[in-house]
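With PDB, C-alpha atoms inside, this is model_29.pdb:
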ATOM      1  CA  GLY N   1     -28.041  -2.525  -9.828  1.00  0.00           C
ATOM      2  CA  GLY N   2     -26.561  -4.197  -6.763  1.00  0.00           C
ATOM      3  CA  ALA N   3     -23.443  -3.426  -4.815  1.00  0.00           C
ATOM      4  CA  GLU N   4     -20.191  -3.485  -6.728  1.00  0.00           C
ATOM      5  CA  VAL N   5     -16.808  -5.009  -5.993  1.00  0.00           C
ATOM      6  CA  VAL N   6     -13.990  -3.141  -7.739  1.00  0.00           C
ATOM      7  CA  ILE N   7     -10.869  -5.210  -8.462  1.00  0.00           C
ATOM      8  CA  ASN N   8      -8.360  -3.252 -10.525  1.00  0.00           C
ATOM      9  CA  ALA N   9      -5.505  -5.189 -12.144  1.00  0.00           C
ATOM     10  CA  GLY N  10      -4.864  -2.674 -14.922  1.00  0.00           C
ATOM     11  CA  LEU N  11      -5.106   1.108 -15.214  1.00  0.00           C
ATOM     12  CA  LEU N  12      -7.914   3.191 -13.714  1.00  0.00           C
ATOM     13  CA  ARG N  13      -7.277   6.783 -14.786  1.00  0.00           C
ATOM     14  CA  LYS N  14      -9.244   9.995 -14.366  1.00  0.00           C
ATOM     15  CA  THR N  15      -8.258  12.596 -16.928  1.00  0.00           C
ATOM     16  CA  VAL N  16     -11.428  14.408 -17.980  1.00  0.00           C
ATOM     17  CA  ALA N  17     -12.318  17.827 -16.599  1.00  0.00           C
ATOM     18  CA  SER N  18     -11.747  19.215 -13.119  1.00  0.00           C
ATOM     19  CA  GLY N  19     -14.991  17.999 -11.563  1.00  0.00           C
ATOM     20  CA  THR N  20     -15.821  14.846  -9.628  1.00  0.00           C
ATOM     21  CA  THR N  21     -16.202  11.395 -11.139  1.00  0.00           C
ATOM     22  CA  THR N  22     -18.025   9.064  -8.733  1.00  0.00           C
ATOM     23  CA  VAL N  23     -18.067   5.278  -8.690  1.00  0.00           C
ATOM     24  CA  THR N  24     -21.221   4.432  -6.719  1.00  0.00           C
ATOM     25  CA  GLY N  25     -22.429   1.365  -4.839  1.00  0.00           C
ATOM     26  CA  VAL N  26     -18.960  -0.009  -4.106  1.00  0.00           C
ATOM     27  CA  VAL N  27     -18.664  -2.365  -1.116  1.00  0.00           C
ATOM     28  CA  ASP N  28     -15.065  -3.461  -1.660  1.00  0.00           C
ATOM     29  CA  PHE N  29     -12.156  -1.830  -3.481  1.00  0.00           C
ATOM     30  CA  ASN N  30      -9.015  -3.809  -4.274  1.00  0.00           C
ATOM     31  CA  ASN N  31      -6.189  -2.325  -6.313  1.00  0.00           C
ATOM     32  CA  THR N  32      -4.079  -5.412  -6.999  1.00  0.00           C
ATOM     33  CA  THR N  33      -0.299  -5.663  -7.355  1.00  0.00           C
ATOM     34  CA  SER N  34      -0.547  -4.922 -11.082  1.00  0.00           C
ATOM     35  CA  GLY N  35      -3.164  -2.191 -10.670  1.00  0.00           C
ATOM     36  CA  VAL N  36      -2.605   1.541 -11.095  1.00  0.00           C
ATOM     37  CA  VAL N  37      -5.096   4.201  -9.984  1.00  0.00           C
ATOM     38  CA  GLU N  38      -4.105   7.519 -11.509  1.00  0.00           C
ATOM     39  CA  VAL N  39      -5.957  10.769 -10.831  1.00  0.00           C
ATOM     40  CA  GLN N  40      -4.635  13.444 -13.152  1.00  0.00           C
ATOM     41  CA  THR N  41      -7.284  16.101 -12.592  1.00  0.00           C
ATOM     42  CA  GLY N  42     -10.291  16.793 -10.414  1.00  0.00           C
ATOM     43  CA  THR N  43     -11.639  14.176  -8.000  1.00  0.00           C
ATOM     44  CA  LEU N  44     -12.183  10.435  -8.361  1.00  0.00           C
ATOM     45  CA  GLN N  45     -14.624   9.369  -5.654  1.00  0.00           C
ATOM     46  CA  ILE N  46     -14.952   5.694  -4.718  1.00  0.00           C
ATOM     47  CA  ASP N  47     -18.327   6.084  -3.058  1.00  0.00           C
ATOM     48  CA  GLY N  48     -19.122   4.165   0.098  1.00  0.00           C
ATOM     49  CA  PHE N  49     -16.858   1.124   0.127  1.00  0.00           C
ATOM     50  CA  SER N  50     -16.641  -0.657   3.458  1.00  0.00           C
ATOM     51  CA  GLY N  51     -13.097  -1.941   2.990  1.00  0.00           C
ATOM     52  CA  GLY N  52     -10.310  -0.874   0.680  1.00  0.00           C
ATOM     53  CA  THR N  53      -6.865  -2.256  -0.088  1.00  0.00           C
ATOM     54  CA  ASN N  54      -4.115  -0.917  -2.308  1.00  0.00           C
ATOM     55  CA  SER N  55      -1.440  -3.423  -3.307  1.00  0.00           C
ATOM     56  CA  GLY N  56      -0.524  -1.580  -6.506  1.00  0.00           C
ATOM     57  CA  VAL N  57       0.081   2.094  -7.236  1.00  0.00           C
ATOM     58  CA  ILE N  58      -2.034   5.146  -6.421  1.00  0.00           C
ATOM     59  CA  ASP N  59      -0.660   8.193  -8.240  1.00  0.00           C
ATOM     60  CA  LEU N  60      -2.182  11.602  -7.467  1.00  0.00           C
ATOM     61  CA  ALA N  61      -1.295  14.622  -9.575  1.00  0.00           C
ATOM     62  CA  ALA N  62      -1.123  18.131  -8.156  1.00  0.00           C
ATOM     63  CA  ALA N  63      -4.617  19.472  -7.317  1.00  0.00           C
ATOM     64  CA  ALA N  64      -6.124  16.003  -7.934  1.00  0.00           C
ATOM     65  CA  THR N  65      -7.995  14.023  -5.261  1.00  0.00           C
ATOM     66  CA  LEU N  66      -8.897  10.396  -4.644  1.00  0.00           C
ATOM     67  CA  GLY N  67     -11.829  10.202  -2.227  1.00  0.00           C
ATOM     68  CA  THR N  68     -13.028   7.186  -0.236  1.00  0.00           C
ATOM     69  CA  ASN N  69     -16.289   8.737   1.002  1.00  0.00           C
ATOM     70  CA  GLY N  70     -15.084   8.428   4.586  1.00  0.00           C
ATOM     71  CA  SER N  71     -13.887   4.814   4.397  1.00  0.00           C
ATOM     72  CA  ALA N  72     -10.533   3.556   5.651  1.00  0.00           C
ATOM     73  CA  LEU N  73      -7.797   2.383   3.284  1.00  0.00           C
ATOM     74  CA  LEU N  74      -4.997  -0.148   3.758  1.00  0.00           C
ATOM     75  CA  ASN N  75      -1.848   0.448   1.749  1.00  0.00           C
ATOM     76  CA  ALA N  76      -0.684  -3.165   1.812  1.00  0.00           C
ATOM     77  CA  ALA N  77       2.863  -4.517   1.567  1.00  0.00           C
ATOM     78  CA  GLY N  78       4.094  -3.690  -1.930  1.00  0.00           C
ATOM     79  CA  GLY N  79       1.537  -0.900  -2.346  1.00  0.00           C
ATOM     80  CA  ILE N  80       2.677   2.594  -3.298  1.00  0.00           C
ATOM     81  CA  ILE N  81       0.894   5.900  -2.728  1.00  0.00           C
ATOM     82  CA  ARG N  82       2.687   8.778  -4.405  1.00  0.00           C
ATOM     83  CA  GLY N  83       2.250  12.149  -6.024  1.00  0.00           C
ATOM     84  CA  ASN N  84       1.354  15.749  -5.245  1.00  0.00           C
ATOM     85  CA  GLY N  85      -2.403  15.491  -4.753  1.00  0.00           C
ATOM     86  CA  THR N  86      -4.804  14.602  -1.957  1.00  0.00           C
ATOM     87  CA  LEU N  87      -6.094  11.327  -0.556  1.00  0.00           C
ATOM     88  CA  ASN N  88      -9.390  12.188   1.136  1.00  0.00           C
ATOM     89  CA  LEU N  89     -10.616   9.698   3.750  1.00  0.00           C
ATOM     90  CA  ALA N  90     -12.642  12.283   5.719  1.00  0.00           C
ATOM     91  CA  ALA N  91     -12.179  11.135   9.365  1.00  0.00           C
ATOM     92  CA  ALA N  92     -11.006   7.597   8.500  1.00  0.00           C
ATOM     93  CA  THR N  93      -7.457   6.209   8.631  1.00  0.00           C
ATOM     94  CA  LEU N  94      -4.861   5.284   6.042  1.00  0.00           C
ATOM     95  CA  SER N  95      -2.936   2.296   7.431  1.00  0.00           C
ATOM     96  CA  ASN N  96       0.426   1.956   5.720  1.00  0.00           C
ATOM     97  CA  ASP N  97       2.234  -1.361   5.307  1.00  0.00           C
ATOM     98  CA  GLY N  98       3.693  -0.309   1.949  1.00  0.00           C
ATOM     99  CA  LEU N  99       5.352   2.879   0.688  1.00  0.00           C
ATOM    100  CA  ILE N 100       4.160   6.473   0.877  1.00  0.00           C
ATOM    101  CA  ALA N 101       6.256   8.869  -1.202  1.00  0.00           C
ATOM    102  CA  PRO N 102       5.345  12.474  -2.005  1.00  0.00           C
ATOM    103  CA  GLY N 103       6.333  13.417  -5.533  1.00  0.00           C
ATOM    104  CA  ALA N 104       7.666  10.219  -7.064  1.00  0.00           C
ATOM    105  CA  ALA N 105       8.345   6.883  -5.401  1.00  0.00           C
ATOM    106  CA  SER N 106      11.847   6.911  -6.862  1.00  0.00           C
ATOM    107  CA  GLY N 107      14.088   9.436  -8.496  1.00  0.00           C
ATOM    108  CA  THR N 108      14.435  13.120  -7.709  1.00  0.00           C
ATOM    109  CA  THR N 109      10.881  14.483  -8.016  1.00  0.00           C
ATOM    110  CA  ILE N 110       9.953  16.509  -4.908  1.00  0.00           C
ATOM    111  CA  GLY N 111       6.357  17.084  -3.870  1.00  0.00           C
ATOM    112  CA  THR N 112       3.644  17.531  -1.256  1.00  0.00           C
ATOM    113  CA  LEU N 113       1.140  14.760  -0.608  1.00  0.00           C
ATOM    114  CA  SER N 114      -1.945  15.625   1.443  1.00  0.00           C
ATOM    115  CA  ILE N 115      -4.058  13.186   3.464  1.00  0.00           C
ATOM    116  CA  THR N 116      -7.458  14.239   4.746  1.00  0.00           C
ATOM    117  CA  GLY N 117      -7.970  11.897   7.697  1.00  0.00           C
ATOM    118  CA  ASN N 118      -5.495   9.985   9.842  1.00  0.00           C
ATOM    119  CA  LEU N 119      -2.279   8.120   9.088  1.00  0.00           C
ATOM    120  CA  ALA N 120      -0.892   5.057  10.863  1.00  0.00           C
ATOM    121  CA  ASN N 121       2.532   4.009   9.618  1.00  0.00           C
ATOM    122  CA  ASN N 122       2.686   0.377  10.698  1.00  0.00           C
ATOM    123  CA  ALA N 123       5.730  -1.781  11.418  1.00  0.00           C
ATOM    124  CA  GLY N 124       5.978  -2.806   7.763  1.00  0.00           C
ATOM    125  CA  GLY N 125       5.319   0.654   6.366  1.00  0.00           C
ATOM    126  CA  THR N 126       7.842   3.010   4.783  1.00  0.00           C
ATOM    127  CA  ILE N 127       7.687   6.762   4.343  1.00  0.00           C
ATOM    128  CA  GLU N 128      10.164   8.235   1.879  1.00  0.00           C
ATOM    129  CA  ALA N 129      10.950  11.948   1.946  1.00  0.00           C
ATOM    130  CA  GLY N 130      13.634  13.232  -0.382  1.00  0.00           C
ATOM    131  CA  LEU N 131      15.774  16.143   0.800  1.00  0.00           C
ATOM    132  CA  GLY N 132      16.801  18.505  -1.970  1.00  0.00           C
ATOM    133  CA  GLY N 133      16.461  21.899  -0.299  1.00  0.00           C
ATOM    134  CA  ALA N 134      15.032  23.784   2.662  1.00  0.00           C
ATOM    135  CA  THR N 135      11.597  24.661   1.232  1.00  0.00           C
ATOM    136  CA  ALA N 136       8.785  22.143   1.733  1.00  0.00           C
ATOM    137  CA  GLY N 137       7.158  20.909  -1.454  1.00  0.00           C
ATOM    138  CA  THR N 138       9.809  22.251  -3.809  1.00  0.00           C
ATOM    139  CA  GLY N 139      13.053  21.627  -1.930  1.00  0.00           C
ATOM    140  CA  HIS N 140      12.034  18.629   0.159  1.00  0.00           C
ATOM    141  CA  ASP N 141       9.106  16.244   0.284  1.00  0.00           C
ATOM    142  CA  GLN N 142       6.287  16.826   2.746  1.00  0.00           C
ATOM    143  CA  ILE N 143       3.191  14.898   3.853  1.00  0.00           C
ATOM    144  CA  ILE N 144       0.316  16.983   5.239  1.00  0.00           C
ATOM    145  CA  VAL N 145      -2.203  15.067   7.380  1.00  0.00           C
ATOM    146  CA  SER N 146      -5.332  16.785   8.655  1.00  0.00           C
ATOM    147  CA  GLY N 147      -5.854  14.387  11.580  1.00  0.00           C
ATOM    148  CA  THR N 148      -3.633  12.216  13.735  1.00  0.00           C
ATOM    149  CA  VAL N 149      -0.386  10.542  12.757  1.00  0.00           C
ATOM    150  CA  THR N 150       0.979   7.460  14.522  1.00  0.00           C
ATOM    151  CA  LEU N 151       4.562   6.779  13.546  1.00  0.00           C
ATOM    152  CA  GLY N 152       6.274   3.405  13.267  1.00  0.00           C
ATOM    153  CA  GLY N 153       8.047   1.420  10.590  1.00  0.00           C
ATOM    154  CA  ILE N 154      10.715   2.943   8.387  1.00  0.00           C
ATOM    155  CA  LEU N 155      11.696   6.454   7.346  1.00  0.00           C
ATOM    156  CA  ASN N 156      13.919   6.925   4.299  1.00  0.00           C
ATOM    157  CA  ALA N 157      15.206  10.451   3.683  1.00  0.00           C
ATOM    158  CA  PRO N 158      17.732  10.384   0.833  1.00  0.00           C
ATOM    159  CA  LEU N 159      19.538  13.447  -0.438  1.00  0.00           C
ATOM    160  CA  VAL N 160      18.466  14.320  -3.997  1.00  0.00           C
ATOM    161  CA  ASN N 161      19.427  16.741  -6.759  1.00  0.00           C
ATOM    162  CA  GLY N 162      22.976  17.118  -5.457  1.00  0.00           C
ATOM    163  CA  PHE N 163      21.825  18.793  -2.248  1.00  0.00           C
ATOM    164  CA  THR N 164      24.131  19.041   0.772  1.00  0.00           C
ATOM    165  CA  PRO N 165      22.409  20.115   4.022  1.00  0.00           C
ATOM    166  CA  SER N 166      23.983  22.769   6.205  1.00  0.00           C
ATOM    167  CA  ASN N 167      22.350  23.409   9.596  1.00  0.00           C
ATOM    168  CA  GLN N 168      18.811  23.392   8.163  1.00  0.00           C
ATOM    169  CA  SER N 169      15.503  21.899   9.306  1.00  0.00           C
ATOM    170  CA  PHE N 170      13.045  19.969   7.155  1.00  0.00           C
ATOM    171  CA  ASP N 171       9.440  19.524   8.282  1.00  0.00           C
ATOM    172  CA  ILE N 172       8.683  16.375   6.316  1.00  0.00           C
ATOM    173  CA  LEU N 173       5.341  15.690   7.995  1.00  0.00           C
ATOM    174  CA  THR N 174       2.692  17.929   9.515  1.00  0.00           C
ATOM    175  CA  ALA N 175      -0.494  16.759  11.241  1.00  0.00           C
ATOM    176  CA  GLY N 176      -3.232  17.705  13.639  1.00  0.00           C
ATOM    177  CA  SER N 177      -1.261  15.680  16.179  1.00  0.00           C
ATOM    178  CA  ALA N 178       1.669  13.266  16.000  1.00  0.00           C
ATOM    179  CA  SER N 179       2.861  10.422  18.213  1.00  0.00           C
ATOM    180  CA  GLY N 180       5.121   7.372  18.092  1.00  0.00           C
ATOM    181  CA  SER N 181       8.518   7.015  16.465  1.00  0.00           C
ATOM    182  CA  PHE N 182      10.106   5.347  13.469  1.00  0.00           C
ATOM    183  CA  ALA N 183      11.691   1.987  14.270  1.00  0.00           C
ATOM    184  CA  THR N 184      14.286   2.557  11.540  1.00  0.00           C
ATOM    185  CA  SER N 185      15.448   5.916  10.174  1.00  0.00           C
ATOM    186  CA  ASN N 186      17.747   5.934   7.141  1.00  0.00           C
ATOM    187  CA  LEU N 187      19.014   9.507   7.241  1.00  0.00           C
ATOM    188  CA  PRO N 188      21.942  11.436   5.778  1.00  0.00           C
ATOM    189  CA  SER N 189      24.973  11.855   7.981  1.00  0.00           C
ATOM    190  CA  GLY N 190      24.467  14.555  10.605  1.00  0.00           C
ATOM    191  CA  VAL N 191      20.667  14.602  10.209  1.00  0.00           C
ATOM    192  CA  ASN N 192      18.418  13.611  13.109  1.00  0.00           C
ATOM    193  CA  GLY N 193      14.657  13.439  13.439  1.00  0.00           C
ATOM    194  CA  ALA N 194      12.032  13.997  16.124  1.00  0.00           C
ATOM    195  CA  ILE N 195       8.421  14.986  16.676  1.00  0.00           C
ATOM    196  CA  VAL N 196       8.212  18.696  17.440  1.00  0.00           C
ATOM    197  CA  GLY N 197       4.654  19.626  18.381  1.00  0.00           C
ATOM    198  CA  ASN N 198       2.492  18.483  15.481  1.00  0.00           C
ATOM    199  CA  LEU N 199       5.463  18.101  13.098  1.00  0.00           C
ATOM    200  CA  TYR N 200       8.046  15.490  12.335  1.00  0.00           C
ATOM    201  CA  ARG N 201      11.206  17.494  11.780  1.00  0.00           C
ATOM    202  CA  LEU N 202      14.564  16.479  10.384  1.00  0.00           C
ATOM    203  CA  THR N 203      17.404  18.731  11.476  1.00  0.00           C
ATOM    204  CA  HIS N 204      20.943  18.857  10.201  1.00  0.00           C
ATOM    205  CA  THR N 205      23.345  19.660  13.023  1.00  0.00           C
ATOM    206  CA  GLY N 206      26.359  17.704  11.873  1.00  0.00           C
ATOM    207  CA  VAL N 207      26.023  15.630  15.044  1.00  0.00           C
ATOM    208  CA  ILE N 208      24.963  11.980  14.844  1.00  0.00           C
ATOM    209  CA  CYS N 209      22.922  10.639  17.747  1.00  0.00           C
ATOM    210  CA  GLY N 210      20.696   7.701  18.586  1.00  0.00           C
ATOM    211  CA  GLY N 211      17.152   7.804  19.951  1.00  0.00           C
ATOM    212  CA  ILE N 212      15.352  11.155  20.152  1.00  0.00           C
ATOM    213  CA  CYS N 213      17.447  14.159  19.161  1.00  0.00           C
ATOM    214  CA  TRP N 214      16.518  17.822  19.333  1.00  0.00           C
TER
END
Structure encoded using structure tokens:
Amino acid sequence: GGAEVVINAGLLRKTVASGTTTVTGVVDFNNTTSGVVEVQTGTLQIDGFSGGTNSGVIDLAAAATLGTNGSALLNAAGGIIRGNGTLNLAAATLSNDGLIAPGAASGTTIGTLSITGNLANNAGGTIEAGLGGATAGTGHDQIIVSGTVTLGGILNAPLVNGFTPSNQSFDILTAGSASGSFATSNLPSGVNGAIVGNLYRLTHTGVICGGICW
């Protein structure tokens, strides 16, 4: 058949087996505001689309992967990418104008979300990283990016699960390289953030400061 346009306004879920399920011939992928793409196991590969937009929810379970076959993806305003799995864009870029939240997009679930490719958090984009302990992935949220990260937009880092920080550091984002800064950082009292090498690190010192703090 000819090239396919995928417009999801309902639920697209991969649940069967641990292998790869491939949707071939796609030239455009649009997960609308009411759409949910849920990968519970294995890999769901959207094969060869030239443009992709998520305005709904992409939910990736632990050890599950959504692949774009090397195509870029826009997480549009209102879009949510969450979970504990992997978004694989190869060398392409995830541009975020919505919300990226490891674990769950709300509540107290902590997790690690991996991105194979690059991440650009745009002016309208929000990254949410819950702080519930000192260990990445189980105590606090973490995003792992294989390529470059360009920071902008908003960072939310709420305390969860009754946690009170005490002179600890939280590497909420790791990358091949990192640049830029968040325009707005909503952080707990006494917690400051900065790029440290290829990390974005939150540190509790009990001292509140503006701008770049070390």
Practice task
Could you state which residues are captured by the PyMOL selection byres ((chain N and resi 29-39) around 8) in this file, as a ChimeraX atom specification?
Solution key: /N:5-15,26-28,40-44,49,51-61,64-66,78-79
Problem - Exercise: residues within 12 Å of coordinate (6.3, 14.3, -7.5), counting all atoms listed in the file, as a PyMOL selection string - result: chain N and resi 59-62+81-85+100-113+128-130+137-143
Exercise for the section: I need the residue set behind the PyMOL selection byres ((chain N and resi 23) around 9) for this file; please write it as number ranges by chain. Expected result: N: 21-22, 24-26, 44-48
Writer output for current selection, C-alpha atoms, as a PDB file, in the frame of the given file:
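Printed below is selection.pdb as written:
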ATOM      1  CA  THR N  21     -16.202  11.395 -11.139  1.00  0.00           C
ATOM      2  CA  THR N  22     -18.025   9.064  -8.733  1.00  0.00           C
ATOM      3  CA  THR N  24     -21.221   4.432  -6.719  1.00  0.00           C
ATOM      4  CA  GLY N  25     -22.429   1.365  -4.839  1.00  0.00           C
ATOM      5  CA  VAL N  26     -18.960  -0.009  -4.106  1.00  0.00           C
ATOM      6  CA  LEU N  44     -12.183  10.435  -8.361  1.00  0.00           C
ATOM      7  CA  GLN N  45     -14.624   9.369  -5.654  1.00  0.00           C
ATOM      8  CA  ILE N  46     -14.952   5.694  -4.718  1.00  0.00           C
ATOM      9  CA  ASP N  47     -18.327   6.084  -3.058  1.00  0.00           C
ATOM     10  CA  GLY N  48     -19.122   4.165   0.098  1.00  0.00           C
TER      11      GLY N  48
END
Handout entry: Matched chain/residue IDs from the PyMOL selection byres ((chain N and resi 179-182) around 8), as a VMD selection string
Key = chain N and resid 149 to 155 177 to 178 183 to 185 194 to 195
Practice task
Go through N:Ala123, N:Leu202, N:Val145, N:Ala134 and flag the residue nearest Leu94 in chain N, using only C-alpha atoms for the distances.
Solution key: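 Checking each candidate against Leu94 in chain N, we get N:Val145 as the closest.
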Problem - Straight-line distance linking CA of Asn75 in chain N with CA of Asn96 in chain N, stated in Å to one decimal - result: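 CA of Asn96 in chain N lies at a distance of 4.8 Å from CA of Asn75 in chain N.
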Exercise for the section: May I ask for the distance between CA of Leu119 in chain N and CA of Ala77 in chain N, given in Å to one decimal place? Expected result: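 Value for the CA of Leu119 in chain N-CA of Ala77 in chain N distance: 15.6 Å.
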Exercise for the section: Provide the CA of Phe170 in chain N to CA of Thr126 in chain N distance in Å, to one decimal place. Expected result: 17.9 Å
Handout entry: Of the listed residues N:Asn156, N:Thr93, N:Thr116, N:Ser71, that which approaches Gly193 in chain N most closely, counting all atoms listed in the file
Key =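 Going through N:Asn156, N:Thr93, N:Thr116, N:Ser71 one by one, the smallest distance to Gly193 in chain N is for N:Asn156.
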Exercise for the section: Identify which of the residues N:Thr68, N:Ala17, N:Gly125, N:Ser114 lies closest to Ser95 in chain N, counting all atoms listed in the file when measuring atom-to-atom distances. Expected result: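 Using all atoms listed in the file, the shortest distance to Ser95 in chain N belongs to N:Gly125.
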Exercise for the section: Might you pull out every residue within 7 Å of Leu159 in chain N, with only C-alpha atoms counted and same-chain residues fewer than 4 positions away left off, and present them as a PyMOL selection string? Expected result: chain N and resi 130-132+163+188
Dump as a PDB file, in the frame of the given file, selection limited to C-alpha atoms:
ATOM      1  CA  GLY N 130      13.634  13.232  -0.382  1.00  0.00           C
ATOM      2  CA  LEU N 131      15.774  16.143   0.800  1.00  0.00           C
ATOM      3  CA  GLY N 132      16.801  18.505  -1.970  1.00  0.00           C
ATOM      4  CA  PHE N 163      21.825  18.793  -2.248  1.00  0.00           C
ATOM      5  CA  PRO N 188      21.942  11.436   5.778  1.00  0.00           C
TER       6      PRO N 188
END
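Residues in contact with Ser166 in chain N at up to 9 Å, not including ones fewer than 4 positions away on its chain and judged by all atoms listed in the file, are His204, Thr205 and Gly206 of chain N.
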Exercise for the section: Would you mind telling me which residue in N:Thr164, N:Pro158, N:Ser146, N:Gly70 lies nearest to Leu199 in chain N when using all atoms listed in the file? Expected result: N:Ser146
